[in-house]
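Everything on this sheet refers to the single structure shown next.
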Amino acid sequence: MDIELVSALRDNARRFLSAHCASDQLHGFVDERADRRQLWRSAVDLGWMALAVPEEHGGMGAGIRAVAALQEELGRALAPLPFLSSVLVARALTLWPREELRAQWLPGLATGQIVGAVGPFAQHSCNFAAARLDGVYRVNGECLPVLDAAGADVLLVPIATQDGPGIALLGNSPQLQIHRLPVADRTRSVASLQCQDLAVPVHQVLCGAQAAALLEQLADEARILIASDCMGGAQAILDATVEYLKTRMQFGKPIGSFQALKHRCADHKVALEACKRLLRRATLESEGTQRALWASLTKFSAADCYTALAADALQMHGGIGFTWDHNAHLFLKRALLNQFLYGDSAQLQDRVAYLLPGGEPQP
Amino acid sequence: MMDRTILDARDDPVRFRSLVRAWLQRTVPPNWRQQQAAAGEEQQFAFQRWWFGELGKIGMATAHWASDWGGEALGVASQIIFFEELARARAPSNSMFVSTLYQLPATLFAAGTAQQRRRYIAGAKAGDLWCQGFSEPGAGSDLASLRTAAVRDGNVYVVNGQKVWTSYGQFAKHCLLLARTDPSQPKHRGISMFVMDMNSPGIELRPIRQMTGQAEFNEMFLQDVRIPAENRIGEENTGWAIAQSTLSAERGLIIFEHSERLRCFLDELLEPGAARQSWLRDAELRRTFIRTYAEAAALTAMIREMLEQNDAHGEMAAQELPVYIKLHYAVLLQKLGGLLVRANGLTGQLLQADIASGGVPNGNWMFDYLASWNWTIAGGTNEIMRNIIAERILGLPRGS
């Protein structure tokens with residue numbers, strides 16, 4: 001997708017979200033007074049779910065730059081949409097070495113009739129074990145928490161097989177129980193998965209080096225997208241904070257005239273501008289040999305920047321920031337969830353140390 | 001006579017790079033670091049003048065200047081290659097020529113007359129050193145409160161006052177001087193900028209020893225110094241605006257060379273083998289280091305974007321990036337310095353001879369750390385930079 005189309009996509013998304021996911025509406029979704037499926041249907045109508053799906057399967061075949069631009073807008077608006085998870089499942093199917101699965105799921109993902117979810121790979125909180133018998137794997141075990149799993153139709157999860165660690169695509173089945181779990185970040189949802197003798201056809205399972213390579217690329221792309229979400233959210237909460245500091249009067253003057261506050265805004269601004277440049281670089285490198293390095297650097301930098309900014313923004317808003325009806329806590333909770341998706345900052349820093357010349361061994 | 005071989009290859013990046021690399025191999029003395037270890041300011045100046053001359057022979061000392069300025073209007077891509085190669089070759093840094101190479105052209109570009117350009121640019125190109133006479137004991141961050149007075153007397157101004165932090169004033173031929181020409185005006189409006197000949201009678205310099213042990217700076221006492229009126233830059237009482245151009249030159253392009261050296265330095269710390277820093281095995285130090293590494297990568301990216309903006313829209317087109325770059329670099333350099341002192345434990349406390357012209361950081365742990373305050377204070381303290389970002393970029397109200 002060329003640069004004009006990406007910027008048109010970004011503008012349209014911002015316009016749509018400011019009309020349909022503004023503060024009041026967002027709180028409606030968060031409190032479950034409003035049905036977020038309506039927002040999902042609009043997102044589908046806008047073609048967002050088709051973005052990452054290849055053209056031959058009914059999608060638009062857009063690259064990561066376009067997807068990242070959209071994710072940044074979703075982050076800015078704190079949009080309660082399972083966009084990231086469906087994109088990642090579409091990407092996993094596209095990278096999957098065997099063709100037949102693509103026709104089975106990609107068209108549905110593009111039209112939003114199918115929703116995807118991806119299990120946690122870094123947290124070792126998944127104990128799915130699969131035994132191969134008569135051309136199918138029988139999967140048993142438990143996995144939690146899984147982002148966007150509630151309502152998902154196809155789930156990518158890690159499994160242990162007799163051929164070593166692998167990944168599996170699970171479809172809906174009575175043998176797969178999905179229970180939504182309460183989570184602090186109400187702009188998103190997580191669930192637990194339980195498999196009891198779930199039969200999974202062999203072509204839906206990948207083991208060994210193929211699985212590892214696919215997973216590594218998928219995780220790096222996820223890191224770039226989460227960094228995009230962080231940058232959108234960080235910009236939005238910084239803008240809101242600066243606006244508040246300009247208008248909130250105490251001691252007869254706007255509190256933004258106090259250096260104790262304005263200097264913190266300046267530091268956050270510089271950190272944000274610095275991270276934006278890392279994100280741009282990571283997006284450019286996403287198909288190159290340095291993908292893993294830049295994706296990891298960028299993800300921890302962006303998540304740390306967002307978390308620090310959201311935490312400090314809450315403080316700078318004073319009492320109003322501590323209220324449920326304000327947005328400050330929504331940004332903080334989203335930032336904190338982002339911290340732990342696809343590697344936390346310490347894990348990614350170790351990963352970068354490993355990837356750099358001289359490579360520190362991974363702990 | 002200038003050898004244009006390297007400049008003429010500017011449109012062929014591969015050839016340009018290989019010519020620069022070969023030239024550096026031929027020209028940089030292999031033992032210059034040993035020779036410049038613990039060198040005094042005199043030796044350092046002689047060495048930098050020599051190096052400036054060598055760069056001049058291939059047109060690279062002032063290649064970043066516009067062509068109607070006697071420069072070569074060297075494009076961003078070539079500048080990047082050149083500075084990458086300088087850093088890679090661990091070539092000397094022309095740290096004494098900052099005013100000459102960056103502040104002087106930025107100032108004359110903003111407000112100099114054609115005659116002043118002709119008069120000073122050729123000399124600067126030939127290696128005349130310039131210094132800056134802005135700060136005063138009572139005018140640091142609040143520069144506009146400066147009190148050095150220039151009183152018109154026929155065709156001259158008579159200047160009295162005291163300046164401070166005049167880098168390398170003892171070697172400088174000229175000084176960019178700010179002085180008050182109208183004390184009745186509000187403080188920003190009564191200031192003018194002058195070119196002061198450093199050989200004028202009435203100038204007294206006293207070196208200031210800084211906490212690193214060096215004496216880069218001076219106090220400068222001015223008593224009835226006579227400056228010809230034709231040496232005033234711009235209109236009378238417009239010096240404050242011109243000084244902004246001078247200072248903005250300090251924020252950005254200068255850091256480019258430093259950031260390239262920083263990248264090489266960080267990569268050297270990671271080198272496998274004997275030089276490998278054993279503290280990288282410690283999880284906390286390693287992770288702190290990698291955070292710094294990411295910040296350095298972001299610094300490089302911001303600087304390149306700034307260069308591209310300036311390349312596309314004219315010198316000084318980038319307004320916001322230079323401010324971010326200055327603050328980001330200063331904070332980063334100090335954090336890194338502190339980390340490396342901590343990582344090296346008691347050994348890190350041992351003093352090593354400073355390599356004059358070696359730039360920072362240089363692996364001289366304590367010196368590098370101490371020198372980092374130069375960046376967090378000079379050219380706009382971190383706090384002043386934060387005010388600029390908060391007020392001019394974010395639009396937060398000014399303090400009362």
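As shown in the structure tokens, the chain order sets the letters A, B, ...; within each chain, residues go from 1, and ligands are also counted from 1 in the order they appear.
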
> Counting only C-alpha atoms, which residues from chain A have an atom at most 8 Å from any atom of chain B, and could you show them as number ranges by chain?
Replying inline: A: 242, 245-246, 254, 256-259, 262-263, 265-267, 270-271, 273-275, 277-278, 281, 297-298, 301, 346, 349-350, 352-353, 356-360

>> Applying 9 Å and only C-alpha atoms, which residues near segment 67-83 of chain B remain after dropping the ones on its own chain fewer than 2 positions away? List them as a PyMOL selection string.
In response: chain B and resi 7+10-11+13+16-17+20-21+59-65+85-88+105+109+117-118+121-122+125+256-257+260-261+304+307-308+310-311

Those residues you just picked out, can you put them in a file as a compact mmCIF listing (two decimals), in the first residue's frame with N, CA and C atoms?
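Result file is part_33.txt:
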```txt
# COMPACT_ATOMS: atom_id res chain seq x y z
N LEU B 7 35.09 14.81 -3.16
CA LEU B 7 33.84 15.55 -3.36
C LEU B 7 33.18 15.21 -4.69
N ARG B 10 30.64 12.39 -4.90
CA ARG B 10 29.51 12.45 -3.97
C ARG B 10 28.24 11.79 -4.50
N ASP B 11 28.08 11.72 -5.83
CA ASP B 11 26.86 11.12 -6.36
C ASP B 11 26.93 9.60 -6.44
N PRO B 13 27.58 6.82 -3.91
CA PRO B 13 27.81 6.60 -2.48
C PRO B 13 28.88 5.54 -2.19
N PHE B 16 32.23 7.10 -3.01
CA PHE B 16 32.47 8.17 -2.06
C PHE B 16 32.97 7.59 -0.74
N ARG B 17 32.25 6.56 -0.27
CA ARG B 17 32.63 5.94 1.00
C ARG B 17 34.03 5.33 0.92
N VAL B 20 36.64 8.05 0.98
CA VAL B 20 36.78 8.64 2.31
C VAL B 20 37.56 7.69 3.22
N ARG B 21 37.20 6.42 3.14
CA ARG B 21 37.84 5.43 4.01
C ARG B 21 39.35 5.36 3.71
N GLY B 59 38.36 19.53 0.88
CA GLY B 59 37.09 20.27 0.84
C GLY B 59 36.09 19.83 1.88
N MET B 60 36.51 18.99 2.85
CA MET B 60 35.52 18.41 3.75
C MET B 60 35.36 19.19 5.06
N ALA B 61 36.26 20.14 5.36
CA ALA B 61 36.13 20.85 6.63
C ALA B 61 34.82 21.65 6.64
N THR B 62 34.51 22.26 5.52
CA THR B 62 33.34 23.14 5.45
C THR B 62 32.37 22.65 4.37
N ALA B 63 32.39 21.36 4.10
CA ALA B 63 31.56 20.82 3.01
C ALA B 63 30.07 21.01 3.28
N HIS B 64 29.68 21.09 4.56
CA HIS B 64 28.26 21.24 4.88
C HIS B 64 27.75 22.65 4.65
N TRP B 65 28.66 23.62 4.41
CA TRP B 65 28.21 24.98 4.14
C TRP B 65 27.58 25.07 2.75
N GLU B 85 32.19 7.23 8.56
CA GLU B 85 33.56 6.80 8.34
C GLU B 85 34.53 7.43 9.34
N LEU B 86 34.29 8.71 9.66
CA LEU B 86 35.13 9.37 10.68
C LEU B 86 35.05 8.59 11.99
N ALA B 87 33.82 8.22 12.36
CA ALA B 87 33.63 7.52 13.63
C ALA B 87 34.29 6.14 13.57
N ARG B 88 34.11 5.48 12.45
CA ARG B 88 34.64 4.13 12.28
C ARG B 88 36.16 4.14 12.37
N PRO B 105 28.69 30.46 10.66
CA PRO B 105 27.85 30.50 9.47
C PRO B 105 26.37 30.67 9.79
N PHE B 109 24.53 33.79 8.28
CA PHE B 109 23.43 33.39 7.39
C PHE B 109 22.17 34.13 7.80
N ARG B 117 30.23 38.50 5.21
CA ARG B 117 30.41 37.11 4.78
C ARG B 117 31.76 36.95 4.08
N ARG B 118 31.99 37.87 3.12
CA ARG B 118 33.25 37.79 2.36
C ARG B 118 34.44 37.84 3.30
N ILE B 121 34.22 34.53 6.18
CA ILE B 121 34.07 33.13 5.80
C ILE B 121 35.37 32.55 5.26
N ALA B 122 36.07 33.37 4.42
CA ALA B 122 37.32 32.87 3.85
C ALA B 122 38.32 32.55 4.96
N LYS B 125 37.39 29.42 6.81
CA LYS B 125 37.71 28.26 6.00
C LYS B 125 39.19 27.92 6.08
N PHE B 256 25.41 15.31 15.48
CA PHE B 256 25.47 14.24 14.48
C PHE B 256 26.78 13.47 14.58
N GLU B 257 27.88 14.24 14.56
CA GLU B 257 29.19 13.58 14.64
C GLU B 257 29.29 12.80 15.95
N GLU B 260 27.31 9.49 15.85
CA GLU B 260 27.98 8.43 15.09
C GLU B 260 29.10 7.81 15.91
N ARG B 261 29.85 8.65 16.62
CA ARG B 261 30.90 8.13 17.50
C ARG B 261 30.32 7.30 18.63
N ARG B 304 19.03 11.92 11.64
CA ARG B 304 18.94 11.73 10.18
C ARG B 304 17.68 12.37 9.62
N LEU B 307 18.32 16.05 9.37
CA LEU B 307 19.17 16.38 8.21
C LEU B 307 18.36 16.33 6.93
N GLU B 308 17.47 15.34 6.85
CA GLU B 308 16.65 15.23 5.64
C GLU B 308 15.70 16.42 5.52
N ASN B 310 16.21 19.42 6.69
CA ASN B 310 17.00 20.58 6.30
C ASN B 310 17.42 20.50 4.84
N ASP B 311 17.70 19.30 4.39
CA ASP B 311 18.12 19.09 3.01
C ASP B 311 16.99 19.43 2.06
```

>> I'd like the interatomic distance between atom CA of Leu205 of chain B and atom CA of Ala353 of chain B, to a tenth of an Å.
In response: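 These atoms are spaced 26.1 Å apart.
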
>> For a quick check of understanding, using only C-alpha atoms, which of B:Gln334, B:Gln162, B:Thr27, B:Thr107 has the smallest distance to Arg232 of chain B?
In response: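 Closest to Arg232 of chain B of all the choices is B:Thr107.
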
>> Under the rule that only C-alpha atoms are counted, which of A:Ala103, A:Ala90, A:Ala236, A:Leu147 is the nearest residue to Asp185 of chain A?
In response: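 With only C-alpha atoms as the atom set, the closest residue is A:Leu147.
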
Excluding same-chain residues fewer than 4 positions from Arg186 of chain A, what lies within 12 Å of it counting only C-alpha atoms, as a PDB file with C-alpha atoms, in the first residue's frame?
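For reference, around_23.pdb as written:
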```pdb
ATOM      1  CA  LEU A  26     -15.931   4.186  24.984  1.00  0.00           C
ATOM      2  CA  HIS A  27     -17.159   4.264  28.567  1.00  0.00           C
ATOM      3  CA  GLY A  28     -20.374   2.660  27.340  1.00  0.00           C
ATOM      4  CA  PHE A  29     -18.385  -0.250  25.892  1.00  0.00           C
ATOM      5  CA  VAL A  30     -16.188  -0.481  28.975  1.00  0.00           C
ATOM      6  CA  ASP A  31     -19.222  -0.640  31.294  1.00  0.00           C
ATOM      7  CA  GLU A  32     -21.049  -2.954  28.894  1.00  0.00           C
ATOM      8  CA  ARG A  36     -19.202  -3.420  21.076  1.00  0.00           C
ATOM      9  CA  LEU A  78      -8.495   2.830  23.006  1.00  0.00           C
ATOM     10  CA  ALA A  79     -10.761   0.987  20.571  1.00  0.00           C
ATOM     11  CA  PRO A  80     -12.282  -2.175  22.072  1.00  0.00           C
ATOM     12  CA  LEU A  81     -11.782  -4.285  18.938  1.00  0.00           C
ATOM     13  CA  LEU A 147      -6.251 -12.144  24.480  1.00  0.00           C
ATOM     14  CA  ASP A 148      -9.511 -11.853  22.514  1.00  0.00           C
ATOM     15  CA  ARG A 180     -13.955 -15.010  29.735  1.00  0.00           C
ATOM     16  CA  LEU A 181     -11.848 -13.757  32.627  1.00  0.00           C
ATOM     17  CA  PRO A 182     -12.082 -10.401  34.364  1.00  0.00           C
ATOM     18  CA  VAL A 190      -9.048 -12.211  27.843  1.00  0.00           C
ATOM     19  CA  TRP A 324     -13.741   5.939  36.806  1.00  0.00           C
ATOM     20  CA  ASN A 327     -10.018   8.173  30.522  1.00  0.00           C
ATOM     21  CA  HIS A 329      -6.983   4.930  33.916  1.00  0.00           C
ATOM     22  CA  LEU A 330      -8.049   3.328  30.645  1.00  0.00           C
ATOM     23  CA  PHE A 331      -4.785   4.428  29.041  1.00  0.00           C
ATOM     24  CA  LEU A 332      -2.762   3.182  32.001  1.00  0.00           C
ATOM     25  CA  LYS A 333      -4.477  -0.205  32.015  1.00  0.00           C
ATOM     26  CA  ARG A 334      -4.057  -0.619  28.266  1.00  0.00           C
ATOM     27  CA  ALA A 335      -0.386   0.356  28.552  1.00  0.00           C
ATOM     28  CA  LEU A 336       0.158  -2.192  31.301  1.00  0.00           C
ATOM     29  CA  LEU A 337      -1.480  -4.980  29.328  1.00  0.00           C
TER      30      LEU A 337
END
```

> Which value, in Å to one decimal, gives the distance between atom CA of Ile226 of chain A and atom CA of Gln71 of chain A?
Replying inline: 7.8 Å

>> Residues near segment 358-368 of chain B, anyone? I mean within 9 Å using only C-alpha atoms, not counting same-chain ones fewer than 6 positions away, as a list in words.
In response: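 Using only C-alpha atoms, the neighbours found are Arg33, Gln36, Arg90, Ala91, Pro92, Ser93, Asn94, Ser95, Thr212, His258, Arg261, Leu262, Phe265, Leu269, Leu333, Gln334, Leu336, Gly337, Gly338, Leu340, Val341, Asn344, Gly348, Gln349, Leu350, Leu351 and Gln352 of chain B.
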
Please dump the current selection as a compact mmCIF listing (two decimals), in the first residue's frame; keep C-alpha atoms.
```
# COMPACT_ATOMS: atom_id res chain seq x y z
CA ARG B 33 45.71 8.87 20.49
CA GLN B 36 47.27 13.33 22.40
CA ARG B 90 38.21 6.83 15.30
CA ALA B 91 39.50 9.98 13.66
CA PRO B 92 40.11 13.15 15.69
CA SER B 93 37.16 15.38 16.50
CA ASN B 94 37.36 19.07 15.65
CA SER B 95 35.83 19.99 18.97
CA THR B 212 37.41 17.23 34.61
CA HIS B 258 28.88 12.71 18.33
CA ARG B 261 30.90 8.13 17.50
CA LEU B 262 28.52 7.04 20.22
CA PHE B 265 31.51 3.19 20.98
CA LEU B 269 31.55 -2.40 24.14
CA LEU B 333 25.13 10.65 27.55
CA GLN B 334 24.86 11.23 31.28
CA LEU B 336 25.39 6.04 29.90
CA GLY B 337 28.29 7.66 31.75
CA GLY B 338 26.73 6.83 35.10
CA LEU B 340 29.57 2.66 32.86
CA VAL B 341 31.09 4.08 36.05
CA ASN B 344 33.31 -0.75 36.15
CA GLY B 348 36.18 2.76 36.92
CA GLN B 349 37.34 5.33 39.46
CA LEU B 350 40.93 5.22 38.23
CA LEU B 351 41.91 8.26 36.24
CA GLN B 352 43.19 7.67 32.74
```
